[in-house]
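Below you'll find the structure, written out as C-alpha cells, and then a few comments.
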Amino acid sequence: MPELPEVEALREYLDEHLTGRVVERVLPLAVSVLKTYDPPVTALEGERAGATARYGKFLAVRIGELHLVTHLARAGWLRWQDTLPAQPPRPGKGPLALRVVLEGGGGFDLTEAGTQKRLAVYVVRDPREVPGIARLGPDPLDEGFDREAFAVLLAGERRQIKGVLRDQSVIAGIGNAYSDEILHRARVSPFKPAAAFEEEQVTELYAAVRDTLREAVARAHGVAAGELKAEKKSGLRVHGRAGEACPVCGDTVRSVSFADSSLEYCPTCQTGGKPLADRRLSRLLK
C-alpha cells in the first residue's frame with residue numbers, strides 16, 4: 001500500500017509533469033472507481049491542471065475550479081506515460097481503472113491489481129468534501145505537529161500502539177509498513193498500549209515517527225513514479241522481511257499474521273526477546 005512517503009513523491013512528480021497541462025479526456029474504466037457523480041468527470045475536460053496536494057494518503061489535483069482526488073488503497077498505483085496508446089482502452093477485467101489523457105500527448109493511468117477493488121476517485125469542488133479527507137488527523141510532517149501534540153493523541157488511548165499509528169483519524173498517512181518501521185526504530189512492541197508510554201518513551205516514539213518518515217520522503221524524492229515501489233521495499237528494515245536478520249541486532253525478524261495483513265518485528269529490539277504469538281488475538285507470551 002502506498003503510504004505518506006510514496007504519495008508525497010507522487011505529488012512532487014505530478015507537480016512537475018502535470019501542472020499547466022490541459023486535460024483532454026478522463027476515461028473511467030472500472031465501475032467501482034468513481035465515488036462521486038456531481039460534478040461529472042467530463043467537467044474536467046478542457047481544463048488546465050494546477051498544483052497537486054497531498055492529504056495523508058490522498059492525492060488531490062486541481063483542474064480548473066475542481067479537484068480530481070484519488071486514494072490508491074492497498075493495491076492501486078499511478079502510472080505516468082509520455083505517450084499513450086492510440087487505441088482507447090476498453091473496460092474489462094484488467095488492472096486499468098481510470099485514464100487521464102492530456103492535450104499534446106501523454107497522461108496517466110490509475111491501476112489496481114488483485115480482486116479487492118478499493119481504489120477511489122472523486123471529482124469535488126473542495127478536497128475536504130471527500131469523507132476520508134474530512135476525517136483525517138494531523139499530518140506527522142507538519143511543522144505544528146510537535147512532541148506535545150503527539151503526546152495528547154496518545155493520552156487515554158487504550159488501543160495497542162500499532163493500531164493507533166495506523167488510524168488515519170489519529171495521524172494521517174502512516175500504514176502497515178511504516179508503522180512497523182517506526183516501532184522497530186523506537187524499540188517498542190507493536191502490542192504495547194498507547195496510554196502506557198512514559199514521558200521518555202513518548203519522546204523516543206515521536207522522534208521515530210518524524211525521522212522514519214522524513215528519511216523515507218528523502219529517499220523517494222526525485223524517484224520516477226514507476227520505481228517508487230521498489231525504492232520503498234529496499235528501504236524497509238523489518239516490514240516484509242520475516243526470516244531475515246535484524247539490521248540492528250542480528251536476531252531473526254518475525255511476523256504475526258492477520259486475516260489480510262501481517263506485521264513484522266524484532267524480538268530482541270522490541271519485545272525483550274519474547275516472540276509474539278502468531279494468532280489474530282496475539283499478545284506477549286509469558
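Quick note on naming: the chains in the C-alpha cells go A, B, ... in the order shown, residues restart at 1 in each chain, and ligands are numbered from 1 in order of appearance.
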Mind checking which residues fall within 8 Å of region 67-75 of chain A, counting only C-alpha atoms, ignoring those fewer than 5 positions away in the same chain, and posting them as a ChimeraX atom specification? /A:1-2,57-62,112-114,118-127
Let me see the file: selected residues, N, CA and C atoms, as a CSV table (one decimal), in the first residue's frame.
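selection_20.csv written:
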```csv
chain,number,residue,atom,x,y,z
A,1,MET,N,0.8,-1.2,0.0
A,1,MET,CA,0.0,0.0,0.0
A,1,MET,C,0.9,1.3,0.0
A,2,PRO,N,0.6,2.2,-0.9
A,2,PRO,CA,1.4,3.4,-0.9
A,2,PRO,C,1.0,4.2,0.4
A,57,LYS,N,-2.9,10.0,2.7
A,57,LYS,CA,-2.6,9.1,1.6
A,57,LYS,C,-3.4,9.5,0.4
A,58,PHE,N,-4.1,10.6,0.4
A,58,PHE,CA,-4.9,11.1,-0.7
A,58,PHE,C,-4.1,12.1,-1.6
A,59,LEU,N,-4.3,12.0,-2.9
A,59,LEU,CA,-3.7,13.0,-3.8
A,59,LEU,C,-4.9,13.8,-4.4
A,60,ALA,N,-4.7,15.1,-4.5
A,60,ALA,CA,-5.8,16.0,-5.0
A,60,ALA,C,-5.1,16.9,-6.0
A,61,VAL,N,-5.5,16.7,-7.3
A,61,VAL,CA,-5.0,17.6,-8.4
A,61,VAL,C,-6.1,18.6,-8.7
A,62,ARG,N,-5.7,19.9,-8.6
A,62,ARG,CA,-6.6,21.0,-9.0
A,62,ARG,C,-6.6,21.0,-10.5
A,112,GLU,N,-5.1,-0.9,-10.6
A,112,GLU,CA,-5.3,-1.6,-9.3
A,112,GLU,C,-5.2,-3.1,-9.5
A,113,ALA,N,-4.3,-3.7,-8.9
A,113,ALA,CA,-4.1,-5.1,-9.0
A,113,ALA,C,-5.0,-5.9,-8.1
A,114,GLY,N,-5.2,-7.2,-8.3
A,114,GLY,CA,-6.0,-8.0,-7.4
A,114,GLY,C,-7.5,-7.9,-7.6
A,118,ARG,N,-10.6,-1.4,-4.3
A,118,ARG,CA,-10.8,-0.3,-3.3
A,118,ARG,C,-10.3,1.1,-3.7
A,119,LEU,N,-9.6,1.1,-4.9
A,119,LEU,CA,-9.1,2.4,-5.4
A,119,LEU,C,-10.3,3.3,-5.5
A,120,ALA,N,-10.2,4.6,-5.1
A,120,ALA,CA,-11.3,5.5,-5.1
A,120,ALA,C,-10.9,6.8,-5.8
A,121,VAL,N,-11.8,7.3,-6.6
A,121,VAL,CA,-11.6,8.6,-7.3
A,121,VAL,C,-12.8,9.5,-7.1
A,122,TYR,N,-12.6,10.8,-6.8
A,122,TYR,CA,-13.6,11.7,-6.5
A,122,TYR,C,-13.4,13.0,-7.4
A,123,VAL,N,-14.4,13.6,-7.9
A,123,VAL,CA,-14.4,14.9,-8.5
A,123,VAL,C,-15.2,15.8,-7.6
A,124,VAL,N,-14.5,16.8,-7.0
A,124,VAL,CA,-15.1,17.7,-6.0
A,124,VAL,C,-14.7,19.1,-6.2
A,125,ARG,N,-15.5,20.0,-5.6
A,125,ARG,CA,-15.1,21.4,-5.6
A,125,ARG,C,-14.1,21.7,-4.5
A,126,ASP,N,-14.1,21.0,-3.5
A,126,ASP,CA,-13.1,21.2,-2.4
A,126,ASP,C,-12.7,19.8,-1.9
A,127,PRO,N,-11.4,19.5,-1.8
A,127,PRO,CA,-11.0,18.2,-1.3
A,127,PRO,C,-11.6,17.8,0.0
```
From a backbone DSSP assignment, name each residue in region 3-220 of chain A labelled strand (DSSP E or B), as a PyMOL selection string. chain A and resi 22-28+34+48-55+58-63+66-71+76-81+96-102+107-112+120-124+160+193
Alpha helix (DSSP H) residues, from DSSP on the backbone, in region 100-285 of chain A, as a PyMOL selection string: chain A and resi 131-134+147-154+161-166+176-186+199-220+228-235+267-270
Report as an NGL selection string all protein, DNA and RNA residues lying within 10 Å of Arg187 (chain A), evaluated on only C-alpha atoms, omitting residues in the same chain fewer than 6 positions from it. :A and (181 or 201 or 204-205 or 208 or 265-272)
I need the residues from that last selection saved to file as a PDB file, in the first residue's frame (with C-alpha atoms), if you can.
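Dumped everything to part39.pdb:
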```pdb
ATOM      1  CA  GLU A 181       9.476   0.602  10.792  1.00  0.00           C
ATOM      2  CA  GLN A 201       9.158   6.762  25.602  1.00  0.00           C
ATOM      3  CA  GLU A 204      11.528   8.493  21.540  1.00  0.00           C
ATOM      4  CA  LEU A 205       8.466   7.338  19.623  1.00  0.00           C
ATOM      5  CA  ALA A 208      10.995   7.721  15.403  1.00  0.00           C
ATOM      6  CA  TYR A 265       9.145  -7.006  14.374  1.00  0.00           C
ATOM      7  CA  CYS A 266      12.425  -7.936  16.043  1.00  0.00           C
ATOM      8  CA  PRO A 267      12.055  -9.783  19.368  1.00  0.00           C
ATOM      9  CA  THR A 268      15.416  -8.622  20.723  1.00  0.00           C
ATOM     10  CA  CYS A 269      14.886  -4.968  19.822  1.00  0.00           C
ATOM     11  CA  GLN A 270      11.185  -4.700  20.629  1.00  0.00           C
ATOM     12  CA  THR A 271       9.772  -7.370  22.946  1.00  0.00           C
ATOM     13  CA  GLY A 272      12.561  -8.225  25.380  1.00  0.00           C
TER      14      GLY A 272
END
```
Tell me, as a ChimeraX atom specification, which residues lie within 12 Å of Phe145 (chain A), counting only C-alpha atoms; anything in the same chain fewer than 2 positions away does not count. /A:137-143,147-153,170-172,206-207,209-210
Pick from A:Glu231, A:Ala51, A:Ala186, A:Glu3, whichever lies nearest to Glu16 (chain A) using only C-alpha atoms: A:Ala51
Record the distance separating CA of Glu45 (chain A) and CA of Trp80 (chain A), expressed in Å with one decimal.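 Pair CA of Glu45 (chain A) / CA of Trp80 (chain A) returns 18.1 Å.
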Write out as JSON, numbers by chain which residues come within 9 Å of region 193-200 of chain A when counting only C-alpha atoms, dropping same-chain ones fewer than 3 positions away. {"A": [151, 154, 155, 156, 157, 158, 159, 160, 161, 162, 164, 190, 203, 204, 205]}
